file protein-v6.cif (mmCIF, C-alpha atoms)
data_entry
loop_
_atom_site.label_atom_id
_atom_site.label_comp_id
_atom_site.auth_asym_id
_atom_site.auth_seq_id
_atom_site.Cartn_x
_atom_site.Cartn_y
_atom_site.Cartn_z
CA MET A 1 -5.02 -10.57 -22.67
CA LYS A 2 -7.28 -9.24 -25.40
CA ILE A 3 -6.73 -5.73 -26.64
CA GLY A 4 -10.13 -4.51 -25.44
CA THR A 5 -9.41 -5.76 -21.94
CA LYS A 6 -6.01 -4.05 -22.03
CA ILE A 7 -7.57 -0.77 -23.18
CA LYS A 8 -10.13 -0.89 -20.38
CA GLN A 9 -7.52 -1.81 -17.76
CA GLN A 10 -5.11 0.94 -18.80
CA ARG A 11 -7.89 3.52 -19.23
CA LYS A 12 -9.07 2.91 -15.67
CA LYS A 13 -5.49 2.90 -14.37
CA LYS A 14 -5.00 6.31 -15.96
CA GLY A 15 -8.31 7.55 -14.48
CA LEU A 16 -10.03 8.20 -17.79
CA THR A 17 -13.67 7.65 -18.67
CA GLN A 18 -14.62 6.09 -21.99
CA LYS A 19 -15.83 9.52 -23.08
CA GLU A 20 -12.50 11.15 -22.20
CA LEU A 21 -10.53 8.49 -24.06
CA ALA A 22 -12.82 8.85 -27.08
CA SER A 23 -12.27 12.61 -27.02
CA ILE A 24 -8.47 12.25 -26.81
CA LEU A 25 -8.60 9.89 -29.80
CA GLY A 26 -10.86 12.22 -31.78
CA LEU A 27 -13.76 9.78 -31.85
CA GLY A 28 -17.36 10.98 -32.02
CA GLY A 29 -18.59 9.20 -28.90
CA VAL A 30 -18.06 6.45 -26.38
CA THR A 31 -19.67 3.66 -28.38
CA THR A 32 -16.46 2.87 -30.27
CA VAL A 33 -14.37 2.63 -27.09
CA ALA A 34 -17.11 0.62 -25.38
CA SER A 35 -17.23 -1.75 -28.33
CA TRP A 36 -13.46 -2.32 -28.13
CA GLU A 37 -13.57 -2.89 -24.38
CA GLN A 38 -16.46 -5.35 -24.65
CA GLY A 39 -14.68 -7.30 -27.36
CA LEU A 40 -17.37 -6.56 -29.95
CA SER A 41 -14.82 -5.04 -32.31
CA ASN A 42 -11.12 -4.29 -32.44
CA PRO A 43 -9.54 -0.92 -33.04
CA PRO A 44 -8.22 -0.43 -36.56
CA ALA A 45 -4.46 -0.87 -36.91
CA LYS A 46 -3.97 2.80 -37.79
CA ARG A 47 -5.39 3.81 -34.36
CA ILE A 48 -3.17 1.50 -32.28
CA PRO A 49 -0.27 3.99 -31.87
CA ALA A 50 -2.64 6.80 -30.82
CA ILE A 51 -4.42 4.53 -28.31
CA ALA A 52 -1.10 3.40 -26.81
CA ASP A 53 0.06 7.01 -26.58
CA ALA A 54 -3.19 8.13 -24.93
CA LEU A 55 -2.83 5.35 -22.36
CA ASP A 56 0.90 6.03 -21.80
CA ILE A 57 1.97 2.52 -22.79
CA SER A 58 3.95 1.14 -25.70
CA VAL A 59 2.27 -0.34 -28.74
CA SER A 60 3.90 -3.64 -27.86
CA GLU A 61 2.37 -3.58 -24.39
CA LEU A 62 -1.05 -2.65 -25.78
CA LEU A 63 -0.88 -5.60 -28.14
CA GLY A 64 -0.11 -7.97 -25.30
CA ASN A 65 3.66 -8.15 -25.07
CA ASP A 66 4.14 -7.71 -21.32
CA ASP A 67 7.92 -7.99 -21.75
CA ALA A 68 8.03 -4.72 -23.69
CA LYS A 69 10.77 -2.19 -23.00
CA PRO A 70 9.82 0.61 -20.66
CA LYS A 71 8.35 3.56 -22.57
CA ASN A 72 9.68 6.24 -20.27
CA LEU A 73 11.46 6.85 -16.98
CA VAL A 74 8.25 6.33 -14.99
CA ASP A 75 8.05 2.81 -16.42
CA LEU A 76 11.68 2.26 -15.43
CA ALA A 77 10.72 2.79 -11.80
CA ASP A 78 8.51 -0.32 -12.02
CA ALA A 79 11.06 -2.41 -13.92
CA LYS A 80 13.16 -5.01 -12.18
CA VAL A 81 16.73 -3.76 -12.09
CA ILE A 82 19.99 -4.75 -10.49
CA SER A 83 21.40 -2.11 -8.21
CA ILE A 84 25.11 -1.52 -8.52
CA PRO A 85 26.71 0.96 -6.11
CA SER A 86 27.98 3.93 -8.10
CA TRP A 87 31.45 3.73 -6.56
CA GLU A 88 31.93 0.35 -8.26
CA LEU A 89 31.46 1.87 -11.73
CA SER A 90 34.03 3.86 -13.65
CA PRO A 91 32.96 7.37 -14.70
CA ALA A 92 32.80 6.22 -18.35
CA VAL A 93 30.46 3.34 -17.51
CA SER A 94 28.29 5.59 -15.32
CA GLN A 95 27.97 8.10 -18.18
CA PHE A 96 27.06 5.31 -20.61
CA PHE A 97 24.19 4.11 -18.42
CA LEU A 98 23.04 7.63 -17.65
CA LYS A 99 22.78 8.38 -21.38
CA LYS A 100 20.82 5.14 -21.97
CA ILE A 101 18.36 5.91 -19.17
CA THR A 102 17.74 9.50 -20.20
CA LYS A 103 17.14 8.46 -23.82
CA GLY A 104 14.54 5.86 -22.76
CA ILE A 105 16.88 2.96 -23.55
#
call {"tool": "encode", "arguments": {"input": "protein-v6.cif", "output": "structure tokens"}}
result
Amino acid sequence: MKIGTKIKQQRKKKGLTQKELASILGLGGVTTVASWEQGLSNPPAKRIPAIADALDISVSELLGNDDAKPKNLVDLADAKVISIPSWELSPAVSQFFLKKITKGI
């Protein structure tokens, strides 16, 4: 998926208008965002982290790597995980996984 398509998809998923996204990114108007979304231009590399942050996705996901690690605990809810009953884990193992989850893995 092209970056402009990804920006548009994630912007709409987040409920933002082009104007709102432009404002968050400190851009003068919507024409820059519209140009990215239409594939007429690509965002400069220095803006990629800010765009990903504004859309609540990782840079890797924005750039097209759908196998990116979850960015936060909300993303973990959508991830495919194996459920292991807590009584089958030792306290040390449970603490290890709890620390990993709360640190964003």
call {"tool": "axis_aligned_box", "arguments": {"input": "protein-v6.cif", "around": "region 49-57 of chain A", "padding_each_side": "8 Å", "output": "lines of an AutoDock Vina configuration file"}}
result
center_x = -1.2
center_y = 5.3
center_z = -26.8
size_x = 22.4
size_y = 21.6
size_z = 26.1
call {"tool": "resolve_selection", "arguments": {"input": "protein-v6.cif", "expression": "the PyMOL selection byres ((chain A and resi 13-21) around 10)", "output": "mmCIF file with C-alpha atoms, in the coordinates of the input"}}
result
data_model
loop_
_atom_site.group_PDB
_atom_site.id
_atom_site.type_symbol
_atom_site.label_atom_id
_atom_site.label_comp_id
_atom_site.auth_asym_id
_atom_site.auth_seq_id
_atom_site.Cartn_x
_atom_site.Cartn_y
_atom_site.Cartn_z
ATOM 1 C CA ILE A 7 -7.570 -0.770 -23.180
ATOM 2 C CA LYS A 8 -10.130 -0.890 -20.380
ATOM 3 C CA GLN A 9 -7.520 -1.810 -17.760
ATOM 4 C CA GLN A 10 -5.110 0.940 -18.800
ATOM 5 C CA ARG A 11 -7.890 3.520 -19.230
ATOM 6 C CA LYS A 12 -9.070 2.910 -15.670
ATOM 7 C CA ALA A 22 -12.820 8.850 -27.080
ATOM 8 C CA SER A 23 -12.270 12.610 -27.020
ATOM 9 C CA ILE A 24 -8.470 12.250 -26.810
ATOM 10 C CA LEU A 25 -8.600 9.890 -29.800
ATOM 11 C CA GLY A 26 -10.860 12.220 -31.780
ATOM 12 C CA LEU A 27 -13.760 9.780 -31.850
ATOM 13 C CA GLY A 28 -17.360 10.980 -32.020
ATOM 14 C CA GLY A 29 -18.590 9.200 -28.900
ATOM 15 C CA VAL A 30 -18.060 6.450 -26.380
ATOM 16 C CA THR A 31 -19.670 3.660 -28.380
ATOM 17 C CA THR A 32 -16.460 2.870 -30.270
ATOM 18 C CA VAL A 33 -14.370 2.630 -27.090
ATOM 19 C CA ALA A 34 -17.110 0.620 -25.380
ATOM 20 C CA GLU A 37 -13.570 -2.890 -24.380
ATOM 21 C CA ILE A 51 -4.420 4.530 -28.310
ATOM 22 C CA ALA A 54 -3.190 8.130 -24.930
ATOM 23 C CA LEU A 55 -2.830 5.350 -22.360
ATOM 24 C CA ASP A 56 0.900 6.030 -21.800
#
call {"tool": "atom_distance", "arguments": {"input": "protein-v6.cif", "atom1": "CA of Ser35 (chain A)", "atom2": "CA of Gly64 (chain A)"}}
result
18.5 Å
call {"tool": "atom_distance", "arguments": {"input": "protein-v6.cif", "atom1": "CA of Leu62 (chain A)", "atom2": "CA of Ile48 (chain A)"}}
result
8.0 Å
call {"tool": "atom_distance", "arguments": {"input": "protein-v6.cif", "atom1": "CA of Gly4 (chain A)", "atom2": "CA of Gly39 (chain A)"}}
result
5.7 Å
call {"tool": "decode", "arguments": {"input": "protein-v6.cif", "residues": "region 19-34 of chain A", "atoms": "all heavy atoms", "output": "short mmCIF file (atom, residue, chain, number, x, y, z; two decimals), in the first residue's frame"}}
result
data_model
loop_
_atom_site.label_atom_id
_atom_site.label_comp_id
_atom_site.auth_asym_id
_atom_site.auth_seq_id
_atom_site.Cartn_x
_atom_site.Cartn_y
_atom_site.Cartn_z
N LYS A 19 -7.75 18.87 7.14
CA LYS A 19 -7.41 20.13 7.80
C LYS A 19 -6.90 19.88 9.22
O LYS A 19 -5.92 20.49 9.65
CB LYS A 19 -8.62 21.06 7.81
CG LYS A 19 -8.35 22.42 8.39
CD LYS A 19 -9.57 23.33 8.27
CE LYS A 19 -9.26 24.72 8.79
NZ LYS A 19 -10.38 25.64 8.65
N GLU A 20 -7.57 18.99 9.95
CA GLU A 20 -7.15 18.68 11.32
C GLU A 20 -5.77 18.03 11.34
O GLU A 20 -4.93 18.38 12.17
CB GLU A 20 -8.18 17.78 12.00
CG GLU A 20 -9.48 18.47 12.30
CD GLU A 20 -10.61 17.53 12.70
OE1 GLU A 20 -10.61 16.35 12.27
OE2 GLU A 20 -11.49 17.99 13.44
N LEU A 21 -5.52 17.10 10.42
CA LEU A 21 -4.22 16.45 10.35
C LEU A 21 -3.14 17.48 10.00
O LEU A 21 -2.07 17.50 10.61
CB LEU A 21 -4.21 15.30 9.35
CG LEU A 21 -2.87 14.56 9.21
CD1 LEU A 21 -2.40 13.99 10.55
CD2 LEU A 21 -2.98 13.45 8.16
N ALA A 22 -3.44 18.35 9.04
CA ALA A 22 -2.49 19.39 8.67
C ALA A 22 -2.16 20.28 9.87
O ALA A 22 -0.99 20.63 10.09
CB ALA A 22 -3.05 20.23 7.51
N SER A 23 -3.17 20.62 10.64
CA SER A 23 -2.96 21.46 11.83
C SER A 23 -2.09 20.75 12.86
O SER A 23 -1.17 21.35 13.43
CB SER A 23 -4.32 21.82 12.44
OG SER A 23 -4.15 22.57 13.61
N ILE A 24 -2.36 19.47 13.11
CA ILE A 24 -1.57 18.69 14.07
C ILE A 24 -0.10 18.66 13.64
O ILE A 24 0.80 18.73 14.47
CB ILE A 24 -2.12 17.26 14.20
CG1 ILE A 24 -3.48 17.28 14.89
CG2 ILE A 24 -1.15 16.34 14.94
CD1 ILE A 24 -4.23 15.97 14.80
N LEU A 25 0.12 18.57 12.32
CA LEU A 25 1.48 18.47 11.79
C LEU A 25 2.15 19.83 11.61
O LEU A 25 3.31 19.91 11.22
CB LEU A 25 1.46 17.72 10.45
CG LEU A 25 1.00 16.26 10.52
CD1 LEU A 25 0.85 15.68 9.13
CD2 LEU A 25 1.98 15.44 11.35
N GLY A 26 1.39 20.90 11.88
CA GLY A 26 1.96 22.24 11.74
C GLY A 26 2.09 22.70 10.31
O GLY A 26 2.95 23.53 9.99
N LEU A 27 1.24 22.17 9.44
CA LEU A 27 1.27 22.55 8.03
C LEU A 27 0.32 23.73 7.81
O LEU A 27 -0.65 23.91 8.54
CB LEU A 27 0.84 21.39 7.14
CG LEU A 27 1.68 20.11 7.29
CD1 LEU A 27 1.05 18.98 6.50
CD2 LEU A 27 3.10 20.35 6.84
N GLY A 28 0.58 24.54 6.79
CA GLY A 28 -0.23 25.72 6.54
C GLY A 28 -1.66 25.44 6.12
O GLY A 28 -2.57 26.17 6.48
N GLY A 29 -1.88 24.37 5.38
CA GLY A 29 -3.22 24.08 4.89
C GLY A 29 -3.36 22.63 4.49
O GLY A 29 -2.45 21.81 4.69
N VAL A 30 -4.50 22.31 3.91
CA VAL A 30 -4.81 20.92 3.57
C VAL A 30 -4.17 20.46 2.27
O VAL A 30 -4.14 19.27 2.01
CB VAL A 30 -6.33 20.67 3.50
CG1 VAL A 30 -7.00 21.00 4.80
CG2 VAL A 30 -6.97 21.44 2.36
N THR A 31 -3.68 21.38 1.46
CA THR A 31 -3.17 20.97 0.14
C THR A 31 -2.03 19.97 0.22
O THR A 31 -1.94 19.07 -0.60
CB THR A 31 -2.74 22.20 -0.69
OG1 THR A 31 -1.77 22.95 0.05
CG2 THR A 31 -3.92 23.08 -1.03
N THR A 32 -1.18 20.11 1.24
CA THR A 32 -0.05 19.17 1.37
C THR A 32 -0.56 17.78 1.69
O THR A 32 -0.15 16.79 1.06
CB THR A 32 0.93 19.65 2.46
OG1 THR A 32 1.39 20.96 2.12
CG2 THR A 32 2.11 18.72 2.58
N VAL A 33 -1.46 17.67 2.66
CA VAL A 33 -2.03 16.37 3.04
C VAL A 33 -2.79 15.78 1.85
O VAL A 33 -2.65 14.59 1.55
CB VAL A 33 -2.94 16.49 4.29
CG1 VAL A 33 -3.63 15.16 4.58
CG2 VAL A 33 -2.13 16.95 5.50
N ALA A 34 -3.58 16.60 1.17
CA ALA A 34 -4.33 16.13 0.00
C ALA A 34 -3.39 15.61 -1.07
O ALA A 34 -3.65 14.57 -1.70
CB ALA A 34 -5.21 17.25 -0.54
#
